[in-house]
Structures are given as C-alpha cells and as structure tokens.
file my_file-v4.txt (compact mmCIF, N, CA and C atoms)
# COMPACT_ATOMS: atom_id res chain seq x y z
N MET A 276 0.84 -1.16 0.00
CA MET A 276 0.00 0.00 0.00
C MET A 276 0.89 1.24 0.00
N LYS A 277 0.63 2.15 -0.87
CA LYS A 277 1.47 3.32 -1.03
C LYS A 277 1.14 4.41 0.00
N VAL A 278 2.18 5.05 0.53
CA VAL A 278 2.01 6.16 1.47
C VAL A 278 1.91 7.46 0.66
N LYS A 279 0.82 8.21 0.89
CA LYS A 279 0.62 9.49 0.20
C LYS A 279 1.31 10.63 0.91
N ALA A 280 1.23 10.66 2.25
CA ALA A 280 1.77 11.79 3.00
C ALA A 280 2.07 11.37 4.43
N VAL A 281 3.03 12.06 5.02
CA VAL A 281 3.36 11.88 6.43
C VAL A 281 3.40 13.28 7.05
N ARG A 282 2.63 13.46 8.12
CA ARG A 282 2.57 14.77 8.77
C ARG A 282 2.94 14.61 10.24
N ALA A 283 3.94 15.38 10.69
CA ALA A 283 4.32 15.36 12.10
C ALA A 283 3.25 16.06 12.92
N LEU A 284 2.94 15.51 14.07
CA LEU A 284 2.03 16.12 15.02
C LEU A 284 2.85 16.63 16.20
N PRO A 285 2.34 17.58 16.97
CA PRO A 285 3.12 18.13 18.08
C PRO A 285 3.53 17.04 19.09
N ALA A 286 4.78 17.11 19.51
CA ALA A 286 5.28 16.19 20.54
C ALA A 286 4.78 16.68 21.89
N ARG A 287 4.60 15.72 22.81
CA ARG A 287 4.13 16.07 24.15
C ARG A 287 5.00 15.37 25.19
N PRO A 288 5.43 16.11 26.21
CA PRO A 288 6.16 15.44 27.30
C PRO A 288 5.21 14.61 28.14
N ASN A 289 5.70 13.47 28.62
CA ASN A 289 4.91 12.58 29.46
C ASN A 289 5.80 12.13 30.60
N THR A 290 5.40 12.40 31.83
CA THR A 290 6.27 12.10 32.97
C THR A 290 6.58 10.61 33.09
N ALA A 291 5.65 9.75 32.73
CA ALA A 291 5.88 8.31 32.85
C ALA A 291 6.66 7.73 31.68
N CYS A 292 6.51 8.32 30.51
CA CYS A 292 7.06 7.70 29.29
C CYS A 292 8.05 8.57 28.53
N GLY A 293 8.46 9.69 29.07
CA GLY A 293 9.37 10.57 28.35
C GLY A 293 8.65 11.30 27.25
N LEU A 294 9.35 11.67 26.21
CA LEU A 294 8.76 12.42 25.12
C LEU A 294 7.84 11.52 24.28
N HIS A 295 6.64 12.00 24.03
CA HIS A 295 5.66 11.27 23.20
C HIS A 295 5.62 11.98 21.85
N GLN A 296 6.14 11.32 20.82
CA GLN A 296 6.16 11.89 19.48
C GLN A 296 5.16 11.15 18.61
N ARG A 297 4.53 11.90 17.66
CA ARG A 297 3.49 11.30 16.84
C ARG A 297 3.59 11.81 15.41
N ALA A 298 3.11 10.99 14.50
CA ALA A 298 3.00 11.37 13.09
C ALA A 298 1.73 10.75 12.53
N LEU A 299 1.12 11.45 11.58
CA LEU A 299 -0.07 10.93 10.92
C LEU A 299 0.33 10.54 9.51
N VAL A 300 0.12 9.28 9.18
CA VAL A 300 0.46 8.75 7.87
C VAL A 300 -0.83 8.59 7.07
N GLU A 301 -0.85 9.14 5.85
CA GLU A 301 -2.00 8.96 4.97
C GLU A 301 -1.62 7.96 3.88
N LEU A 302 -2.41 6.91 3.77
CA LEU A 302 -2.18 5.87 2.77
C LEU A 302 -3.03 6.13 1.53
N ALA A 303 -2.62 5.58 0.41
CA ALA A 303 -3.35 5.77 -0.85
C ALA A 303 -4.71 5.08 -0.82
N SER A 304 -4.83 4.01 -0.03
CA SER A 304 -6.09 3.28 0.10
C SER A 304 -6.38 3.05 1.57
N PRO A 305 -7.65 2.94 1.94
CA PRO A 305 -7.98 2.69 3.34
C PRO A 305 -7.50 1.33 3.83
N VAL A 306 -7.16 1.28 5.10
CA VAL A 306 -6.82 0.03 5.79
C VAL A 306 -8.06 -0.38 6.57
N ALA A 307 -8.34 -1.66 6.64
CA ALA A 307 -9.48 -2.15 7.39
C ALA A 307 -9.02 -2.90 8.63
N VAL A 308 -9.67 -2.59 9.74
CA VAL A 308 -9.50 -3.34 10.98
C VAL A 308 -10.91 -3.68 11.43
N GLY A 309 -11.26 -4.94 11.29
CA GLY A 309 -12.65 -5.32 11.53
C GLY A 309 -13.55 -4.62 10.53
N ARG A 310 -14.55 -3.92 11.04
CA ARG A 310 -15.47 -3.19 10.17
C ARG A 310 -15.06 -1.73 9.99
N ARG A 311 -14.01 -1.30 10.64
CA ARG A 311 -13.54 0.09 10.53
C ARG A 311 -12.51 0.20 9.42
N ARG A 312 -12.61 1.31 8.67
CA ARG A 312 -11.69 1.55 7.55
C ARG A 312 -11.25 3.01 7.58
N SER A 313 -9.99 3.23 7.26
CA SER A 313 -9.48 4.59 7.16
C SER A 313 -8.15 4.58 6.40
N PRO A 314 -7.88 5.64 5.64
CA PRO A 314 -6.57 5.74 5.02
C PRO A 314 -5.53 6.39 5.95
N PHE A 315 -5.96 6.77 7.17
CA PHE A 315 -5.07 7.46 8.10
C PHE A 315 -4.61 6.54 9.22
N VAL A 316 -3.31 6.61 9.54
CA VAL A 316 -2.71 5.80 10.59
C VAL A 316 -1.90 6.73 11.48
N LEU A 317 -2.16 6.66 12.79
CA LEU A 317 -1.37 7.43 13.74
C LEU A 317 -0.19 6.57 14.19
N VAL A 318 1.01 7.12 14.08
CA VAL A 318 2.22 6.46 14.57
C VAL A 318 2.60 7.16 15.86
N SER A 319 2.63 6.42 16.95
CA SER A 319 2.86 6.96 18.29
C SER A 319 4.14 6.36 18.86
N HIS A 320 5.07 7.22 19.30
CA HIS A 320 6.36 6.76 19.82
C HIS A 320 6.59 7.34 21.21
N ILE A 321 6.95 6.47 22.16
CA ILE A 321 7.33 6.93 23.50
C ILE A 321 8.77 6.51 23.76
N GLU A 322 9.49 7.38 24.51
CA GLU A 322 10.91 7.13 24.78
C GLU A 322 11.16 5.91 25.66
N ARG A 323 10.24 5.66 26.57
CA ARG A 323 10.42 4.51 27.45
C ARG A 323 9.07 3.90 27.81
N ARG A 324 9.05 2.59 27.83
CA ARG A 324 7.83 1.86 28.19
C ARG A 324 7.75 1.78 29.71
N PRO A 325 6.56 1.92 30.27
CA PRO A 325 6.44 1.85 31.74
C PRO A 325 6.98 0.54 32.32
N GLU A 326 6.76 -0.59 31.63
CA GLU A 326 7.21 -1.88 32.16
C GLU A 326 8.71 -2.12 31.94
N THR A 327 9.30 -1.48 30.95
CA THR A 327 10.74 -1.59 30.67
C THR A 327 11.27 -0.21 30.30
N PRO A 328 11.61 0.61 31.30
CA PRO A 328 11.96 2.02 31.05
C PRO A 328 13.18 2.25 30.17
N GLU A 329 14.01 1.24 29.97
CA GLU A 329 15.19 1.42 29.12
C GLU A 329 14.89 1.22 27.63
N VAL A 330 13.64 0.89 27.30
CA VAL A 330 13.27 0.55 25.92
C VAL A 330 12.17 1.48 25.40
N SER A 331 12.36 1.98 24.18
CA SER A 331 11.32 2.81 23.54
C SER A 331 10.30 1.90 22.84
N GLU A 332 9.15 2.50 22.50
CA GLU A 332 8.10 1.73 21.84
C GLU A 332 7.38 2.62 20.84
N CYS A 333 7.09 2.06 19.68
CA CYS A 333 6.37 2.77 18.64
C CYS A 333 5.24 1.87 18.14
N MET A 334 4.03 2.45 18.04
CA MET A 334 2.87 1.67 17.62
C MET A 334 2.09 2.45 16.55
N ALA A 335 1.36 1.73 15.72
CA ALA A 335 0.53 2.34 14.68
C ALA A 335 -0.92 1.93 14.90
N PHE A 336 -1.82 2.92 14.79
CA PHE A 336 -3.24 2.69 15.02
C PHE A 336 -4.06 3.35 13.91
N LEU A 337 -5.17 2.76 13.58
CA LEU A 337 -6.12 3.35 12.64
C LEU A 337 -6.65 4.65 13.25
N ALA A 338 -6.70 5.71 12.43
CA ALA A 338 -7.08 7.02 12.96
C ALA A 338 -7.97 7.78 11.99
N GLU A 339 -8.44 8.91 12.47
CA GLU A 339 -9.20 9.84 11.64
C GLU A 339 -8.22 10.86 11.06
N GLU A 340 -8.69 11.70 10.18
CA GLU A 340 -7.85 12.68 9.50
C GLU A 340 -7.18 13.66 10.47
N ASP A 341 -7.80 13.90 11.63
CA ASP A 341 -7.23 14.82 12.62
C ASP A 341 -6.24 14.13 13.57
N GLY A 342 -6.03 12.82 13.39
CA GLY A 342 -5.11 12.07 14.23
C GLY A 342 -5.76 11.37 15.40
N HIS A 343 -7.07 11.54 15.58
CA HIS A 343 -7.79 10.87 16.66
C HIS A 343 -7.87 9.37 16.37
N VAL A 344 -7.39 8.56 17.30
CA VAL A 344 -7.42 7.10 17.14
C VAL A 344 -8.84 6.60 17.38
N PHE A 345 -9.37 5.83 16.46
CA PHE A 345 -10.70 5.27 16.69
C PHE A 345 -10.69 3.75 16.74
N CYS A 346 -9.54 3.15 16.61
CA CYS A 346 -9.42 1.70 16.77
C CYS A 346 -8.06 1.43 17.41
N TRP A 347 -8.07 0.90 18.65
CA TRP A 347 -6.83 0.72 19.40
C TRP A 347 -6.15 -0.62 19.12
N GLU A 348 -6.62 -1.36 18.13
CA GLU A 348 -5.92 -2.59 17.74
C GLU A 348 -4.67 -2.18 16.95
N GLN A 349 -3.51 -2.64 17.38
CA GLN A 349 -2.25 -2.24 16.74
C GLN A 349 -2.15 -2.79 15.33
N LEU A 350 -1.74 -1.92 14.41
CA LEU A 350 -1.45 -2.37 13.05
C LEU A 350 -0.02 -2.88 12.96
N ALA A 351 0.87 -2.25 13.74
CA ALA A 351 2.28 -2.64 13.74
C ALA A 351 2.93 -2.08 15.01
N GLU A 352 4.08 -2.66 15.38
CA GLU A 352 4.81 -2.21 16.56
C GLU A 352 6.31 -2.32 16.29
N VAL A 353 7.06 -1.35 16.81
CA VAL A 353 8.52 -1.34 16.71
C VAL A 353 9.05 -1.05 18.11
N ILE A 354 9.98 -1.85 18.56
CA ILE A 354 10.53 -1.71 19.90
C ILE A 354 12.02 -1.36 19.81
N GLY A 355 12.47 -0.40 20.64
CA GLY A 355 13.89 -0.16 20.83
C GLY A 355 14.58 0.78 19.87
N LEU A 356 13.84 1.49 19.02
CA LEU A 356 14.48 2.43 18.09
C LEU A 356 14.04 3.86 18.41
N ASP A 357 14.82 4.85 17.96
CA ASP A 357 14.40 6.23 18.16
C ASP A 357 13.24 6.56 17.22
N PHE A 358 12.67 7.74 17.35
CA PHE A 358 11.46 8.08 16.60
C PHE A 358 11.69 8.05 15.09
N ALA A 359 12.77 8.64 14.61
CA ALA A 359 13.02 8.69 13.17
C ALA A 359 13.17 7.28 12.58
N GLU A 360 13.95 6.43 13.24
CA GLU A 360 14.13 5.05 12.77
C GLU A 360 12.83 4.27 12.84
N SER A 361 12.08 4.47 13.93
CA SER A 361 10.80 3.78 14.09
C SER A 361 9.82 4.19 13.02
N LEU A 362 9.75 5.49 12.72
CA LEU A 362 8.83 5.98 11.71
C LEU A 362 9.17 5.40 10.34
N ASP A 363 10.45 5.38 9.99
CA ASP A 363 10.87 4.78 8.71
C ASP A 363 10.45 3.31 8.61
N LEU A 364 10.72 2.56 9.66
CA LEU A 364 10.36 1.14 9.67
C LEU A 364 8.85 0.96 9.64
N MET A 365 8.13 1.81 10.37
CA MET A 365 6.67 1.72 10.40
C MET A 365 6.08 2.00 9.01
N ILE A 366 6.63 2.97 8.30
CA ILE A 366 6.16 3.27 6.94
C ILE A 366 6.39 2.06 6.03
N GLU A 367 7.54 1.41 6.14
CA GLU A 367 7.79 0.19 5.37
C GLU A 367 6.74 -0.87 5.67
N ARG A 368 6.43 -1.04 6.95
CA ARG A 368 5.46 -2.07 7.34
C ARG A 368 4.05 -1.72 6.84
N LEU A 369 3.70 -0.44 6.89
CA LEU A 369 2.38 -0.03 6.40
C LEU A 369 2.27 -0.22 4.90
N GLU A 370 3.36 0.01 4.17
CA GLU A 370 3.34 -0.19 2.73
C GLU A 370 3.18 -1.67 2.37
N GLU A 371 3.52 -2.57 3.29
CA GLU A 371 3.38 -4.00 3.06
C GLU A 371 1.96 -4.50 3.32
N LEU A 372 1.11 -3.69 3.95
CA LEU A 372 -0.27 -4.12 4.26
C LEU A 372 -1.05 -4.38 2.99

call {"tool": "encode", "arguments": {"input": "my_file-v4.txt", "output": "structure tokens"}}
result
Amino acid sequence: MKVKAVRALPARPNTACGLHQRALVELASPVAVGRRRSPFVLVSHIERRPETPEVSECMAFLAEEDGHVFCWEQLAEVIGLDFAESLDLMIERLEEL
C-alpha cells in the first residue's frame, strides 16, 4: 500500500514515558480493521515503556484525519528504536499491508 503523506504532530512530554512523538500517515487506500476503515494511521512513539523504562516503543493505530485514534488494535509495533528510525520502519510495514 502506497504512502501518500506523512505529517508530524506536536510532541508532548509525558512524565511516565518521556517524550511522546506522533506522526499521521496517509495511505493511498484505506486500511481495514474489523469493520472500521481509514486511510489514516497514527504512529505513536514513546521514549520509554512503563514496564521496561530502558526501551522505547512505537505503535501504529487506525485514525481519523485529525489524528484521533478510533481503533486501538495495533497495526504494527517497533521496539527499541528512536522516533526517526521507528517511523521509517513503520512506513515500510504499512506499505506491506
């Protein structure tokens, strides 16, 4: 599936998880999760996971055009990379859907 656009969303500090960085990825075609469909995917990255603070985590969720997640079933996950590396890998994984 081809990626049409990637838009950075404002980063937010989080006392439990460090910096929370996000990007909204727009795909050329909608992705389906159950009965929900959207061409938008929110990529969410935290510097440290609460259960393993030395490890970062990045997840992708089906979203609306404004970045609001409406399906919390993960489309993909990347563990242990910084935001830029995670986003690149996540885009590759989304293109494989």

call {"tool": "residues_around", "arguments": {"input": "my_file-v4.txt", "residues": "region 297-311 of chain A", "least_positions_apart": "5", "cutoff": "10 Å", "atoms": "only C-alpha atoms", "output": "PyMOL selection string"}}
result
chain A and resi 276-287+316-321+333-343+345-350+358+362+365-366+369-370+372

call {"tool": "write_last_selection", "arguments": {"input": "my_file-v4.txt", "atoms": "N, CA and C atoms", "output": "tab-separated table (two decimals), in the frame of the given file"}}
result
chain	number	residue	atom	x	y	z
A	276	MET	N	0.84	-1.16	0.00
A	276	MET	CA	0.00	0.00	0.00
A	276	MET	C	0.89	1.24	0.00
A	277	LYS	N	0.63	2.15	-0.87
A	277	LYS	CA	1.47	3.32	-1.03
A	277	LYS	C	1.14	4.41	0.00
A	278	VAL	N	2.18	5.05	0.53
A	278	VAL	CA	2.01	6.16	1.47
A	278	VAL	C	1.91	7.46	0.66
A	279	LYS	N	0.82	8.21	0.89
A	279	LYS	CA	0.62	9.49	0.20
A	279	LYS	C	1.31	10.63	0.91
A	280	ALA	N	1.23	10.66	2.25
A	280	ALA	CA	1.77	11.79	3.00
A	280	ALA	C	2.07	11.37	4.43
A	281	VAL	N	3.03	12.06	5.02
A	281	VAL	CA	3.36	11.88	6.43
A	281	VAL	C	3.40	13.28	7.05
A	282	ARG	N	2.63	13.46	8.12
A	282	ARG	CA	2.57	14.77	8.77
A	282	ARG	C	2.94	14.61	10.24
A	283	ALA	N	3.94	15.38	10.69
A	283	ALA	CA	4.32	15.36	12.10
A	283	ALA	C	3.25	16.06	12.92
A	284	LEU	N	2.94	15.51	14.07
A	284	LEU	CA	2.03	16.12	15.02
A	284	LEU	C	2.85	16.63	16.20
A	285	PRO	N	2.34	17.58	16.97
A	285	PRO	CA	3.12	18.13	18.08
A	285	PRO	C	3.53	17.04	19.09
A	286	ALA	N	4.78	17.11	19.51
A	286	ALA	CA	5.28	16.19	20.54
A	286	ALA	C	4.78	16.68	21.89
A	287	ARG	N	4.60	15.72	22.81
A	287	ARG	CA	4.13	16.07	24.15
A	287	ARG	C	5.00	15.37	25.19
A	316	VAL	N	-3.31	6.61	9.54
A	316	VAL	CA	-2.71	5.80	10.59
A	316	VAL	C	-1.90	6.73	11.48
A	317	LEU	N	-2.16	6.66	12.79
A	317	LEU	CA	-1.37	7.43	13.74
A	317	LEU	C	-0.19	6.57	14.19
A	318	VAL	N	1.01	7.12	14.08
A	318	VAL	CA	2.22	6.46	14.57
A	318	VAL	C	2.60	7.16	15.86
A	319	SER	N	2.63	6.42	16.95
A	319	SER	CA	2.86	6.96	18.29
A	319	SER	C	4.14	6.36	18.86
A	320	HIS	N	5.07	7.22	19.30
A	320	HIS	CA	6.36	6.76	19.82
A	320	HIS	C	6.59	7.34	21.21
A	321	ILE	N	6.95	6.47	22.16
A	321	ILE	CA	7.33	6.93	23.50
A	321	ILE	C	8.77	6.51	23.76
A	333	CYS	N	7.09	2.06	19.68
A	333	CYS	CA	6.37	2.77	18.64
A	333	CYS	C	5.24	1.87	18.14
A	334	MET	N	4.03	2.45	18.04
A	334	MET	CA	2.87	1.67	17.62
A	334	MET	C	2.09	2.45	16.55
A	335	ALA	N	1.36	1.73	15.72
A	335	ALA	CA	0.53	2.34	14.68
A	335	ALA	C	-0.92	1.93	14.90
A	336	PHE	N	-1.82	2.92	14.79
A	336	PHE	CA	-3.24	2.69	15.02
A	336	PHE	C	-4.06	3.35	13.91
A	337	LEU	N	-5.17	2.76	13.58
A	337	LEU	CA	-6.12	3.35	12.64
A	337	LEU	C	-6.65	4.65	13.25
A	338	ALA	N	-6.70	5.71	12.43
A	338	ALA	CA	-7.08	7.02	12.96
A	338	ALA	C	-7.97	7.78	11.99
A	339	GLU	N	-8.44	8.91	12.47
A	339	GLU	CA	-9.20	9.84	11.64
A	339	GLU	C	-8.22	10.86	11.06
A	340	GLU	N	-8.69	11.70	10.18
A	340	GLU	CA	-7.85	12.68	9.50
A	340	GLU	C	-7.18	13.66	10.47
A	341	ASP	N	-7.80	13.90	11.63
A	341	ASP	CA	-7.23	14.82	12.62
A	341	ASP	C	-6.24	14.13	13.57
A	342	GLY	N	-6.03	12.82	13.39
A	342	GLY	CA	-5.11	12.07	14.23
A	342	GLY	C	-5.76	11.37	15.40
A	343	HIS	N	-7.07	11.54	15.58
A	343	HIS	CA	-7.79	10.87	16.66
A	343	HIS	C	-7.87	9.37	16.37
A	345	PHE	N	-9.37	5.83	16.46
A	345	PHE	CA	-10.70	5.27	16.69
A	345	PHE	C	-10.69	3.75	16.74
A	346	CYS	N	-9.54	3.15	16.61
A	346	CYS	CA	-9.42	1.70	16.77
A	346	CYS	C	-8.06	1.43	17.41
A	347	TRP	N	-8.07	0.90	18.65
A	347	TRP	CA	-6.83	0.72	19.40
A	347	TRP	C	-6.15	-0.62	19.12
A	348	GLU	N	-6.62	-1.36	18.13
A	348	GLU	CA	-5.92	-2.59	17.74
A	348	GLU	C	-4.67	-2.18	16.95
A	349	GLN	N	-3.51	-2.64	17.38
A	349	GLN	CA	-2.25	-2.24	16.74
A	349	GLN	C	-2.15	-2.79	15.33
A	350	LEU	N	-1.74	-1.92	14.41
A	350	LEU	CA	-1.45	-2.37	13.05
A	350	LEU	C	-0.02	-2.88	12.96
A	358	PHE	N	12.67	7.74	17.35
A	358	PHE	CA	11.46	8.08	16.60
A	358	PHE	C	11.69	8.05	15.09
A	362	LEU	N	9.75	5.49	12.72
A	362	LEU	CA	8.83	5.98	11.71
A	362	LEU	C	9.17	5.40	10.34
A	365	MET	N	8.13	1.81	10.37
A	365	MET	CA	6.67	1.72	10.40
A	365	MET	C	6.08	2.00	9.01
A	366	ILE	N	6.63	2.97	8.30
A	366	ILE	CA	6.16	3.27	6.94
A	366	ILE	C	6.39	2.06	6.03
A	369	LEU	N	3.70	-0.44	6.89
A	369	LEU	CA	2.38	-0.03	6.40
A	369	LEU	C	2.27	-0.22	4.90
A	370	GLU	N	3.36	0.01	4.17
A	370	GLU	CA	3.34	-0.19	2.73
A	370	GLU	C	3.18	-1.67	2.37
A	372	LEU	N	1.11	-3.69	3.95
A	372	LEU	CA	-0.27	-4.12	4.26
A	372	LEU	C	-1.05	-4.38	2.99

call {"tool": "atom_distance", "arguments": {"input": "my_file-v4.txt", "atom1": "atom C of Asp357 (chain A)", "atom2": "CA of Pro314 (chain A)"}}
result
23.3 Å

call {"tool": "atom_distance", "arguments": {"input": "my_file-v4.txt", "atom1": "atom C of Leu294 (chain A)", "atom2": "atom N of Glu322 (chain A)"}}
result
4.5 Å

call {"tool": "atom_distance", "arguments": {"input": "my_file-v4.txt", "atom1": "atom C of Glu367 (chain A)", "atom2": "atom C of Glu329 (chain A)"}}
result
23.5 Å

call {"tool": "select_by_dssp", "arguments": {"input": "my_file-v4.txt", "residues": "region 321-364 of chain A", "states": "strand (DSSP E or B)", "output": "PyMOL selection string"}}
result
chain A and resi 321+332-338+344-354

call {"tool": "select_by_dssp", "arguments": {"input": "my_file-v4.txt", "residues": "chain A", "states": "alpha helix (DSSP H)", "output": "list of chain:residue names"}}
result
A:Phe358, A:Ala359, A:Glu360, A:Ser361, A:Leu362, A:Asp363, A:Leu364, A:Met365, A:Ile366, A:Glu367, A:Arg368, A:Leu369, A:Glu370

call {"tool": "write_last_selection", "arguments": {"input": "my_file-v4.txt", "atoms": "N, CA and C atoms", "output": "mmCIF file, keeping the file's coordinate frame"}}
result
data_model
loop_
_atom_site.group_PDB
_atom_site.id
_atom_site.type_symbol
_atom_site.label_atom_id
_atom_site.label_comp_id
_atom_site.auth_asym_id
_atom_site.auth_seq_id
_atom_site.Cartn_x
_atom_site.Cartn_y
_atom_site.Cartn_z
ATOM 1 N N PHE A 358 12.670 7.740 17.350
ATOM 2 C CA PHE A 358 11.460 8.080 16.600
ATOM 3 C C PHE A 358 11.690 8.050 15.090
ATOM 4 N N ALA A 359 12.770 8.640 14.610
ATOM 5 C CA ALA A 359 13.020 8.690 13.170
ATOM 6 C C ALA A 359 13.170 7.280 12.580
ATOM 7 N N GLU A 360 13.950 6.430 13.240
ATOM 8 C CA GLU A 360 14.130 5.050 12.770
ATOM 9 C C GLU A 360 12.830 4.270 12.840
ATOM 10 N N SER A 361 12.080 4.470 13.930
ATOM 11 C CA SER A 361 10.800 3.780 14.090
ATOM 12 C C SER A 361 9.820 4.190 13.020
ATOM 13 N N LEU A 362 9.750 5.490 12.720
ATOM 14 C CA LEU A 362 8.830 5.980 11.710
ATOM 15 C C LEU A 362 9.170 5.400 10.340
ATOM 16 N N ASP A 363 10.450 5.380 9.990
ATOM 17 C CA ASP A 363 10.870 4.780 8.710
ATOM 18 C C ASP A 363 10.450 3.310 8.610
ATOM 19 N N LEU A 364 10.720 2.560 9.660
ATOM 20 C CA LEU A 364 10.360 1.140 9.670
ATOM 21 C C LEU A 364 8.850 0.960 9.640
ATOM 22 N N MET A 365 8.130 1.810 10.370
ATOM 23 C CA MET A 365 6.670 1.720 10.400
ATOM 24 C C MET A 365 6.080 2.000 9.010
ATOM 25 N N ILE A 366 6.630 2.970 8.300
ATOM 26 C CA ILE A 366 6.160 3.270 6.940
ATOM 27 C C ILE A 366 6.390 2.060 6.030
ATOM 28 N N GLU A 367 7.540 1.410 6.140
ATOM 29 C CA GLU A 367 7.790 0.190 5.370
ATOM 30 C C GLU A 367 6.740 -0.870 5.670
ATOM 31 N N ARG A 368 6.430 -1.040 6.950
ATOM 32 C CA ARG A 368 5.460 -2.070 7.340
ATOM 33 C C ARG A 368 4.050 -1.720 6.840
ATOM 34 N N LEU A 369 3.700 -0.440 6.890
ATOM 35 C CA LEU A 369 2.380 -0.030 6.400
ATOM 36 C C LEU A 369 2.270 -0.220 4.900
ATOM 37 N N GLU A 370 3.360 0.010 4.170
ATOM 38 C CA GLU A 370 3.340 -0.190 2.730
ATOM 39 C C GLU A 370 3.180 -1.670 2.370
#
